[in-house]
Amino acid sequence: MALPIAHFEPHHRESEKEILHPSYSQLVTSPPPTRMAGARSRAAARVAVFPLPFQGHITPMLQLAGALHARGLAITVLHTAFNAPDPARHPEFSFAAVPDAISDAAAATEDGSMDRALAMNAAVEAPALAESVRDALASMLRAGEQEEEKEPRLACLVIDATLTAVQEAAAGLGVPTLVLHTCSAACFRLFRSYDMLYDKGYLPAQESNLLLPVKELPPLQVRDLFDPSKLPSKEIGLKLLNLANETTARSSGAIINTFEALEAQELETVRGELAEKGIPIFPIGPLHKLTSVDSVGTSLLKQDSTCIQWLDTQESGSVLYVSFGSVVHITQDEFTEVACGLANSGKPFLWVVRRGLVLGVEKPELPEGFESAVKGRGKVIEWAPQQEVLAHSAIGGFWTHSGWNSTLESVYEGVPMLSRPNFGDQLVTARYVEDRWKIGILLEGVLEREKIKRAITMLMEEKEGMETRQRAKNLKEKMRMCLESSGSSQQAVDKLVDHILSF
């Protein structure tokens, strides 16, 4: 389960006008229908999906929807008005807008991550929204039970891990729920271990214990743990963790965007824990390669494709791609140090500087003299077609915030990483990248230009970086084997479809 602290976008509120499939344009107000068993053919089954309205949740949910649609299932995407996906980009899906309680204040909050995330999560869990989801599901149930409508029956609802109120609304109609976890299996395991972490004294974290290994969860250290005591409200942080665990426990299955060859040990552990409760796990990753849904269709920001032509002019494996994702904020001082570190490294780079990257600044300004210092070897853009960039032969490394989607995309292309995690699941991912998979270098501590220059040189030139690059290429081959027709991820998708059809 990924906490919604790691992924969401600036406020772009669209019109409150609903975008509904014609069959669902009238939401019911009468008592819900009794769920009836329908024909269990793929063409006769519909799956509804409801992602949290954050970039890092919308993207994998739509990718999952694409994988299921490719197996013959009909898809309806339920969504809020905030950060609504564009139906024109996904003509293969039906869309149904549900009124949300996301206030302008909650949507516009700039505070780095948690305050805004907590406010947004509370809004999405509001009773009014859950009731709207219930009405939309009831409408789909009715349509699927009327043979003359020729509508596929509603088989289940796929939700994000913290949407307990939505899950309860579905349960009231007899609609099974599956939970999509947009983090790694390692994070999924960690977030189920907080009772143990408190019982054994790892948390709340003490300054003197930050480097202490968490023996029960190797290779993690105390400093890698999400510590609710560091939040404005420890109770709310723990509540989110507990809600996510409860949602999974009440579900009919857990879907994790990962693959067996990457996290075999972690998957074995959580599979055993959930098997005791009769809950199957489906590791079907990387989702971005199991679907025809592309990054352009799911991105909430406009991608600048001119960078591809620029990469065409660079030598193979020479360019460092730098992107801190869609939500991470850095200070003005950190921004300046990053710019100077890139300039001083002497290496070609492609740097994503999105609007809002620097705290309190809408459009960051590069330091004086930066452009002349990097002329010909550095390119700065607001947003990149990341999958296409990472696949380009000119890319030799990826300086990343260690978001899970970005990590999987980098692994797929065999690109070694320079990891600079910020919060939440990113800390765990970065630790695994360096210590378990050994396909990256962790950049820790205060950001300083000389430290940055040294890390870039290590990754791009030195022996340690070369060995890291080779391991990344080896892992790339393992991932691609999982995606073959007989591979573990393809088999997991088939098992998931069979599971859905059994409802």
# chains A, B, ... in the order shown; residues from 1 in each chain; ligands from 1

call {"tool": "select_by_dssp", "arguments": {"residues": "stretch 195-404 of chain A", "states": "helix (DSSP H, G or I)", "output": "ChimeraX atom specification"}}
result
/A:195-199,207-209,222-224,228-230,234-249,260-275,287-289,295-298,306-312,332-345,370-373,386-391,404

call {"tool": "residues_around", "arguments": {"residues": "A:Arg71", "least_positions_apart": "6", "cutoff": "12 Å", "atoms": "only C-alpha atoms", "output": "PyMOL selection string"}}
result
chain A and resi 41-43+45-47+64-65+290-292+490-491+493-498+500-501

call {"tool": "write_last_selection", "arguments": {"atoms": "N, CA and C atoms", "output": "PDB file, in the first residue's frame"}}
result
ATOM      1  N   SER A  41     -18.553 -14.956 -18.746  1.00  0.00           N
ATOM      2  CA  SER A  41     -17.642 -14.758 -19.869  1.00  0.00           C
ATOM      3  C   SER A  41     -16.973 -13.408 -19.713  1.00  0.00           C
ATOM      4  N   ARG A  42     -15.789 -13.270 -20.304  1.00  0.00           N
ATOM      5  CA  ARG A  42     -15.066 -12.016 -20.169  1.00  0.00           C
ATOM      6  C   ARG A  42     -15.849 -10.867 -20.774  1.00  0.00           C
ATOM      7  N   ALA A  43     -16.492 -11.117 -21.913  1.00  0.00           N
ATOM      8  CA  ALA A  43     -17.229 -10.055 -22.587  1.00  0.00           C
ATOM      9  C   ALA A  43     -18.424  -9.601 -21.768  1.00  0.00           C
ATOM     10  N   ALA A  45     -18.418  -9.203 -18.418  1.00  0.00           N
ATOM     11  CA  ALA A  45     -18.011  -8.709 -17.103  1.00  0.00           C
ATOM     12  C   ALA A  45     -17.437  -7.303 -17.200  1.00  0.00           C
ATOM     13  N   ARG A  46     -17.808  -6.473 -16.229  1.00  0.00           N
ATOM     14  CA  ARG A  46     -17.296  -5.106 -16.139  1.00  0.00           C
ATOM     15  C   ARG A  46     -16.559  -4.928 -14.813  1.00  0.00           C
ATOM     16  N   VAL A  47     -15.458  -4.205 -14.871  1.00  0.00           N
ATOM     17  CA  VAL A  47     -14.701  -3.853 -13.673  1.00  0.00           C
ATOM     18  C   VAL A  47     -14.732  -2.342 -13.521  1.00  0.00           C
ATOM     19  N   LEU A  64      -3.548  -0.643 -14.990  1.00  0.00           N
ATOM     20  CA  LEU A  64      -4.206  -1.891 -14.618  1.00  0.00           C
ATOM     21  C   LEU A  64      -5.488  -2.073 -15.414  1.00  0.00           C
ATOM     22  N   ALA A  65      -6.263  -0.995 -15.523  1.00  0.00           N
ATOM     23  CA  ALA A  65      -7.499  -1.061 -16.305  1.00  0.00           C
ATOM     24  C   ALA A  65      -7.210  -1.475 -17.741  1.00  0.00           C
ATOM     25  N   LEU A 290       2.387  -3.812 -19.246  1.00  0.00           N
ATOM     26  CA  LEU A 290       1.342  -4.823 -19.376  1.00  0.00           C
ATOM     27  C   LEU A 290       0.080  -4.238 -19.982  1.00  0.00           C
ATOM     28  N   THR A 291       0.188  -3.050 -20.536  1.00  0.00           N
ATOM     29  CA  THR A 291      -0.990  -2.342 -21.013  1.00  0.00           C
ATOM     30  C   THR A 291      -0.656  -1.505 -22.228  1.00  0.00           C
ATOM     31  N   SER A 292      -1.687  -1.170 -22.992  1.00  0.00           N
ATOM     32  CA  SER A 292      -1.513  -0.256 -24.124  1.00  0.00           C
ATOM     33  C   SER A 292      -1.708   1.192 -23.698  1.00  0.00           C
ATOM     34  N   GLN A 490       2.572 -12.105 -16.535  1.00  0.00           N
ATOM     35  CA  GLN A 490       1.468 -12.422 -17.448  1.00  0.00           C
ATOM     36  C   GLN A 490       0.561 -13.480 -16.834  1.00  0.00           C
ATOM     37  N   GLN A 491       1.148 -14.467 -16.191  1.00  0.00           N
ATOM     38  CA  GLN A 491       0.346 -15.492 -15.530  1.00  0.00           C
ATOM     39  C   GLN A 491      -0.473 -14.898 -14.391  1.00  0.00           C
ATOM     40  N   VAL A 493      -1.684 -11.858 -14.263  1.00  0.00           N
ATOM     41  CA  VAL A 493      -2.823 -11.147 -14.845  1.00  0.00           C
ATOM     42  C   VAL A 493      -3.923 -12.140 -15.204  1.00  0.00           C
ATOM     43  N   ASP A 494      -3.545 -13.263 -15.804  1.00  0.00           N
ATOM     44  CA  ASP A 494      -4.539 -14.277 -16.164  1.00  0.00           C
ATOM     45  C   ASP A 494      -5.253 -14.807 -14.921  1.00  0.00           C
ATOM     46  N   LYS A 495      -4.502 -15.031 -13.855  1.00  0.00           N
ATOM     47  CA  LYS A 495      -5.114 -15.497 -12.610  1.00  0.00           C
ATOM     48  C   LYS A 495      -6.045 -14.437 -12.029  1.00  0.00           C
ATOM     49  N   LEU A 496      -5.656 -13.178 -12.149  1.00  0.00           N
ATOM     50  CA  LEU A 496      -6.509 -12.097 -11.664  1.00  0.00           C
ATOM     51  C   LEU A 496      -7.818 -12.051 -12.441  1.00  0.00           C
ATOM     52  N   VAL A 497      -7.739 -12.184 -13.757  1.00  0.00           N
ATOM     53  CA  VAL A 497      -8.956 -12.171 -14.574  1.00  0.00           C
ATOM     54  C   VAL A 497      -9.858 -13.339 -14.189  1.00  0.00           C
ATOM     55  N   ASP A 498      -9.288 -14.527 -14.034  1.00  0.00           N
ATOM     56  CA  ASP A 498     -10.090 -15.681 -13.618  1.00  0.00           C
ATOM     57  C   ASP A 498     -10.733 -15.426 -12.257  1.00  0.00           C
ATOM     58  N   ILE A 500     -11.570 -12.503 -10.993  1.00  0.00           N
ATOM     59  CA  ILE A 500     -12.650 -11.532 -11.196  1.00  0.00           C
ATOM     60  C   ILE A 500     -13.883 -12.211 -11.772  1.00  0.00           C
ATOM     61  N   LEU A 501     -13.678 -13.103 -12.720  1.00  0.00           N
ATOM     62  CA  LEU A 501     -14.812 -13.786 -13.346  1.00  0.00           C
ATOM     63  C   LEU A 501     -15.501 -14.761 -12.401  1.00  0.00           C
TER      64      LEU A 501
END

call {"tool": "closest_residue", "arguments": {"among": "A:Phe335, A:Phe349, A:Trp383, A:Phe423", "to": "A:Leu225", "atoms": "only C-alpha atoms"}}
result
A:Phe423

call {"tool": "closest_residue", "arguments": {"among": "A:Lys363, A:Leu267, A:His181, A:Gly414", "to": "A:Gln332", "atoms": "only C-alpha atoms"}}
result
A:Lys363

call {"tool": "select_by_dssp", "arguments": {"residues": "stretch 137-377 of chain A", "states": "strand (DSSP E or B)", "output": "number ranges by chain"}}
result
A: 153-160, 177-181, 213, 221, 254-256, 281-283, 319-323, 330, 349-352, 358

call {"tool": "write_last_selection", "arguments": {"atoms": "C-alpha atoms", "output": "short mmCIF file (atom, residue, chain, number, x, y, z; two decimals), in the first residue's frame"}}
result
data_model
loop_
_atom_site.label_atom_id
_atom_site.label_comp_id
_atom_site.auth_asym_id
_atom_site.auth_seq_id
_atom_site.Cartn_x
_atom_site.Cartn_y
_atom_site.Cartn_z
CA ARG A 153 -22.48 -7.27 -15.43
CA LEU A 154 -20.49 -5.44 -12.76
CA ALA A 155 -18.04 -7.98 -11.36
CA CYS A 156 -16.04 -5.91 -8.87
CA LEU A 157 -14.56 -2.55 -7.88
CA VAL A 158 -10.79 -1.91 -7.72
CA ILE A 159 -9.81 0.81 -5.23
CA ASP A 160 -6.78 2.39 -3.60
CA THR A 177 -13.48 -5.05 -3.92
CA LEU A 178 -9.89 -5.57 -4.97
CA VAL A 179 -7.17 -3.28 -3.61
CA LEU A 180 -4.41 -1.92 -5.83
CA HIS A 181 -1.20 -1.20 -3.93
CA PRO A 213 19.24 -1.99 11.13
CA GLN A 221 17.40 0.95 8.76
CA ALA A 254 -4.56 -7.48 -3.29
CA ILE A 255 -2.87 -6.35 -6.50
CA ILE A 256 0.75 -5.17 -6.25
CA ILE A 281 -2.10 -11.60 -3.94
CA PHE A 282 -1.49 -10.76 -7.59
CA PRO A 283 2.01 -9.36 -8.37
CA VAL A 319 23.34 11.67 -20.29
CA LEU A 320 22.14 11.87 -16.68
CA TYR A 321 18.34 12.24 -16.55
CA VAL A 322 17.21 14.22 -13.49
CA SER A 323 13.59 14.26 -12.29
CA ILE A 330 12.95 21.38 -2.61
CA PHE A 349 22.15 16.08 -18.39
CA LEU A 350 18.42 16.41 -18.98
CA TRP A 351 16.80 18.12 -15.96
CA VAL A 352 13.06 18.30 -15.30
CA VAL A 358 10.86 25.00 -5.43
#

call {"tool": "atom_distance", "arguments": {"atom1": "atom CA of A:Val338", "atom2": "atom CA of A:Leu210"}}
result
25.5 Å

call {"tool": "closest_residue", "arguments": {"among": "A:Thr306, A:Thr331, A:Ser193, A:Thr258", "to": "A:Glu273", "atoms": "only C-alpha atoms"}}
result
A:Ser193

call {"tool": "closest_residue", "arguments": {"among": "A:Glu337, A:Glu464, A:Glu260, A:Glu382", "to": "A:Pro286", "atoms": "only C-alpha atoms"}}
result
A:Glu260

call {"tool": "atom_distance", "arguments": {"atom1": "atom CA of A:Lys239", "atom2": "atom CA of A:Phe226"}}
result
13.4 Å

call {"tool": "residues_around", "arguments": {"residues": "A:Ala339", "least_positions_apart": "4", "cutoff": "12 Å", "atoms": "only C-alpha atoms", "output": "PyMOL selection string"}}
result
chain A and resi 322+332-335+343-346+349-353+364-371+373-374+378-380+447-450+452-453

call {"tool": "residues_around", "arguments": {"residues": "A:Ala169", "least_positions_apart": "5", "cutoff": "8 Å", "atoms": "only C-alpha atoms", "output": "count of residues only"}}
result
4

call {"tool": "closest_residue", "arguments": {"among": "A:Gly174, A:Pro127, A:Gly72, A:Gly325", "to": "A:Pro99", "atoms": "only C-alpha atoms"}}
result
A:Pro127

call {"tool": "closest_residue", "arguments": {"among": "A:Phe82, A:Phe93, A:Phe259, A:Phe50", "to": "A:Ala136", "atoms": "only C-alpha atoms"}}
result
A:Phe50

call {"tool": "residues_around", "arguments": {"residues": "A:Ile439", "least_positions_apart": "2", "cutoff": "12 Å", "atoms": "only C-alpha atoms", "output": "ChimeraX atom specification"}}
result
/A:262,397-398,407-408,410-419,429-437,441-442,459,464-476

call {"tool": "atom_distance", "arguments": {"atom1": "atom CA of A:Leu173", "atom2": "atom CA of A:Ser502"}}
result
17.1 Å

call {"tool": "residues_around", "arguments": {"residues": "A:Cys187", "least_positions_apart": "3", "cutoff": "10 Å", "atoms": "only C-alpha atoms", "output": "ChimeraX atom specification"}}
result
/A:1-3,181-184,190-193,225-226,266,404,424-429

call {"tool": "write_last_selection", "arguments": {"atoms": "N, CA and C atoms", "output": "JSON list (two decimals), in the first residue's frame"}}
result
[["chain", "number", "residue", "atom", "x", "y", "z"],
["A", 1, "MET", "N", 0.83, -1.18, 0.00],
["A", 1, "MET", "CA", 0.00, 0.00, 0.00],
["A", 1, "MET", "C", 0.86, 1.22, 0.00],
["A", 2, "ALA", "N", 0.57, 2.13, -0.84],
["A", 2, "ALA", "CA", 1.32, 3.37, -0.84],
["A", 2, "ALA", "C", 0.48, 4.45, -0.19],
["A", 3, "LEU", "N", 1.01, 5.07, 0.81],
["A", 3, "LEU", "CA", 0.31, 6.21, 1.39],
["A", 3, "LEU", "C", 0.20, 7.31, 0.35],
["A", 181, "HIS", "N", -2.28, -1.81, -4.70],
["A", 181, "HIS", "CA", -1.20, -1.20, -3.93],
["A", 181, "HIS", "C", -0.17, -0.67, -4.91],
["A", 182, "THR", "N", 0.02, 0.65, -4.90],
["A", 182, "THR", "CA", 0.87, 1.30, -5.89],
["A", 182, "THR", "C", 2.32, 1.42, -5.43],
["A", 183, "CYS", "N", 2.66, 0.69, -4.39],
["A", 183, "CYS", "CA", 4.03, 0.69, -3.88],
["A", 183, "CYS", "C", 4.64, -0.68, -4.11],
["A", 184, "SER", "N", 5.83, -0.88, -3.59],
["A", 184, "SER", "CA", 6.51, -2.17, -3.69],
["A", 184, "SER", "C", 5.95, -3.16, -2.68],
["A", 190, "LEU", "N", 6.20, -3.57, 5.03],
["A", 190, "LEU", "CA", 6.54, -2.61, 6.09],
["A", 190, "LEU", "C", 5.30, -2.02, 6.72],
["A", 191, "PHE", "N", 4.36, -1.58, 5.90],
["A", 191, "PHE", "CA", 3.19, -0.90, 6.42],
["A", 191, "PHE", "C", 2.26, -1.83, 7.19],
["A", 192, "ARG", "N", 2.51, -3.14, 7.09],
["A", 192, "ARG", "CA", 1.76, -4.11, 7.89],
["A", 192, "ARG", "C", 2.52, -4.47, 9.17],
["A", 193, "SER", "N", 3.65, -3.80, 9.41],
["A", 193, "SER", "CA", 4.53, -4.21, 10.51],
["A", 193, "SER", "C", 4.65, -3.16, 11.61],
["A", 225, "LEU", "N", 12.31, 4.33, 7.85],
["A", 225, "LEU", "CA", 10.92, 4.08, 8.23],
["A", 225, "LEU", "C", 10.09, 5.35, 8.16],
["A", 226, "PHE", "N", 8.87, 5.21, 7.71],
["A", 226, "PHE", "CA", 7.89, 6.28, 7.81],
["A", 226, "PHE", "C", 7.49, 6.39, 9.27],
["A", 266, "GLU", "N", 9.87, -10.86, -0.31],
["A", 266, "GLU", "CA", 8.81, -10.02, 0.27],
["A", 266, "GLU", "C", 7.43, -10.54, -0.11],
["A", 404, "TRP", "N", 7.90, 4.83, -6.79],
["A", 404, "TRP", "CA", 7.87, 3.44, -7.25],
["A", 404, "TRP", "C", 7.65, 3.32, -8.75],
["A", 424, "GLY", "N", 7.98, 8.96, 2.85],
["A", 424, "GLY", "CA", 7.10, 7.82, 2.62],
["A", 424, "GLY", "C", 7.80, 6.61, 2.03],
["A", 425, "ASP", "N", 7.16, 6.01, 1.04],
["A", 425, "ASP", "CA", 7.69, 4.78, 0.45],
["A", 425, "ASP", "C", 8.99, 5.00, -0.32],
["A", 426, "GLN", "N", 9.29, 6.25, -0.66],
["A", 426, "GLN", "CA", 10.52, 6.54, -1.40],
["A", 426, "GLN", "C", 11.76, 6.13, -0.60],
["A", 427, "LEU", "N", 11.72, 6.29, 0.71],
["A", 427, "LEU", "CA", 12.87, 5.95, 1.56],
["A", 427, "LEU", "C", 13.16, 4.45, 1.50],
["A", 428, "VAL", "N", 12.11, 3.65, 1.52],
["A", 428, "VAL", "CA", 12.27, 2.20, 1.45],
["A", 428, "VAL", "C", 12.79, 1.79, 0.08],
["A", 429, "THR", "N", 12.21, 2.36, -0.96],
["A", 429, "THR", "CA", 12.63, 2.02, -2.32],
["A", 429, "THR", "C", 14.11, 2.34, -2.54]]

call {"tool": "residues_around", "arguments": {"residues": "stretch 245-248 of chain A", "least_positions_apart": "3", "cutoff": "6 Å", "atoms": "only C-alpha atoms", "output": "ChimeraX atom specification"}}
result
/A:164,242,251

call {"tool": "decode", "arguments": {"residues": "stretch 464-492 of chain A", "atoms": "N, CA and C atoms", "output": "CSV table (one decimal), in the first residue's frame"}}
result
chain,number,residue,atom,x,y,z
A,464,GLU,N,32.5,1.6,-9.4
A,464,GLU,CA,31.3,1.3,-8.7
A,464,GLU,C,30.1,1.6,-9.6
A,465,GLY,N,30.1,2.7,-10.4
A,465,GLY,CA,29.0,3.0,-11.3
A,465,GLY,C,28.9,2.0,-12.4
A,466,MET,N,30.0,1.5,-12.9
A,466,MET,CA,30.0,0.5,-14.0
A,466,MET,C,29.4,-0.8,-13.5
A,467,GLU,N,29.8,-1.2,-12.3
A,467,GLU,CA,29.2,-2.4,-11.7
A,467,GLU,C,27.7,-2.3,-11.5
A,468,THR,N,27.3,-1.1,-11.0
A,468,THR,CA,25.9,-0.9,-10.8
A,468,THR,C,25.2,-0.9,-12.1
A,469,ARG,N,25.7,-0.4,-13.2
A,469,ARG,CA,25.1,-0.4,-14.5
A,469,ARG,C,24.9,-1.9,-15.0
A,470,GLN,N,25.9,-2.7,-14.8
A,470,GLN,CA,25.8,-4.1,-15.2
A,470,GLN,C,24.7,-4.8,-14.5
A,471,ARG,N,24.6,-4.6,-13.1
A,471,ARG,CA,23.6,-5.2,-12.4
A,471,ARG,C,22.2,-4.8,-12.8
A,472,ALA,N,22.1,-3.5,-13.2
A,472,ALA,CA,20.8,-2.9,-13.7
A,472,ALA,C,20.4,-3.6,-15.0
A,473,LYS,N,21.4,-3.9,-15.8
A,473,LYS,CA,21.1,-4.6,-17.1
A,473,LYS,C,20.7,-6.0,-16.9
A,474,ASN,N,21.3,-6.7,-15.9
A,474,ASN,CA,20.9,-8.0,-15.5
A,474,ASN,C,19.5,-8.1,-15.0
A,475,LEU,N,19.1,-7.1,-14.2
A,475,LEU,CA,17.8,-7.1,-13.6
A,475,LEU,C,16.8,-6.8,-14.7
A,476,LYS,N,17.2,-6.0,-15.6
A,476,LYS,CA,16.3,-5.7,-16.8
A,476,LYS,C,15.9,-6.9,-17.5
A,477,GLU,N,16.8,-7.9,-17.7
A,477,GLU,CA,16.5,-9.1,-18.4
A,477,GLU,C,15.6,-10.0,-17.6
A,478,LYS,N,15.7,-10.0,-16.3
A,478,LYS,CA,14.8,-10.7,-15.4
A,478,LYS,C,13.4,-10.2,-15.5
A,479,MET,N,13.3,-8.8,-15.5
A,479,MET,CA,12.0,-8.2,-15.6
A,479,MET,C,11.3,-8.6,-16.9
A,480,ARG,N,12.1,-8.5,-18.0
A,480,ARG,CA,11.5,-8.8,-19.3
A,480,ARG,C,11.1,-10.2,-19.4
A,481,MET,N,11.7,-11.2,-18.8
A,481,MET,CA,11.3,-12.5,-18.7
A,481,MET,C,9.9,-12.7,-18.1
A,482,CYS,N,9.7,-11.9,-17.0
A,482,CYS,CA,8.4,-11.9,-16.3
A,482,CYS,C,7.3,-11.5,-17.2
A,483,LEU,N,7.6,-10.7,-18.3
A,483,LEU,CA,6.6,-10.1,-19.1
A,483,LEU,C,6.3,-11.0,-20.4
A,484,GLU,N,7.1,-12.0,-20.6
A,484,GLU,CA,6.9,-13.0,-21.7
A,484,GLU,C,5.6,-13.7,-21.5
A,485,SER,N,5.0,-14.3,-22.5
A,485,SER,CA,3.7,-14.9,-22.5
A,485,SER,C,3.6,-16.0,-21.3
A,486,SER,N,4.7,-16.6,-21.0
A,486,SER,CA,4.7,-17.6,-20.0
A,486,SER,C,5.3,-17.1,-18.7
A,487,GLY,N,5.6,-15.8,-18.6
A,487,GLY,CA,6.3,-15.2,-17.5
A,487,GLY,C,5.3,-15.0,-16.3
A,488,SER,N,5.9,-14.8,-15.1
A,488,SER,CA,5.1,-14.7,-13.9
A,488,SER,C,4.1,-13.6,-13.9
A,489,SER,N,4.4,-12.4,-14.5
A,489,SER,CA,3.5,-11.3,-14.4
A,489,SER,C,2.3,-11.5,-15.4
A,490,GLN,N,2.6,-12.1,-16.5
A,490,GLN,CA,1.5,-12.4,-17.4
A,490,GLN,C,0.6,-13.5,-16.8
A,491,GLN,N,1.1,-14.5,-16.2
A,491,GLN,CA,0.3,-15.5,-15.5
A,491,GLN,C,-0.5,-14.9,-14.4
A,492,ALA,N,0.1,-13.9,-13.7
A,492,ALA,CA,-0.6,-13.3,-12.6
A,492,ALA,C,-1.8,-12.5,-13.1
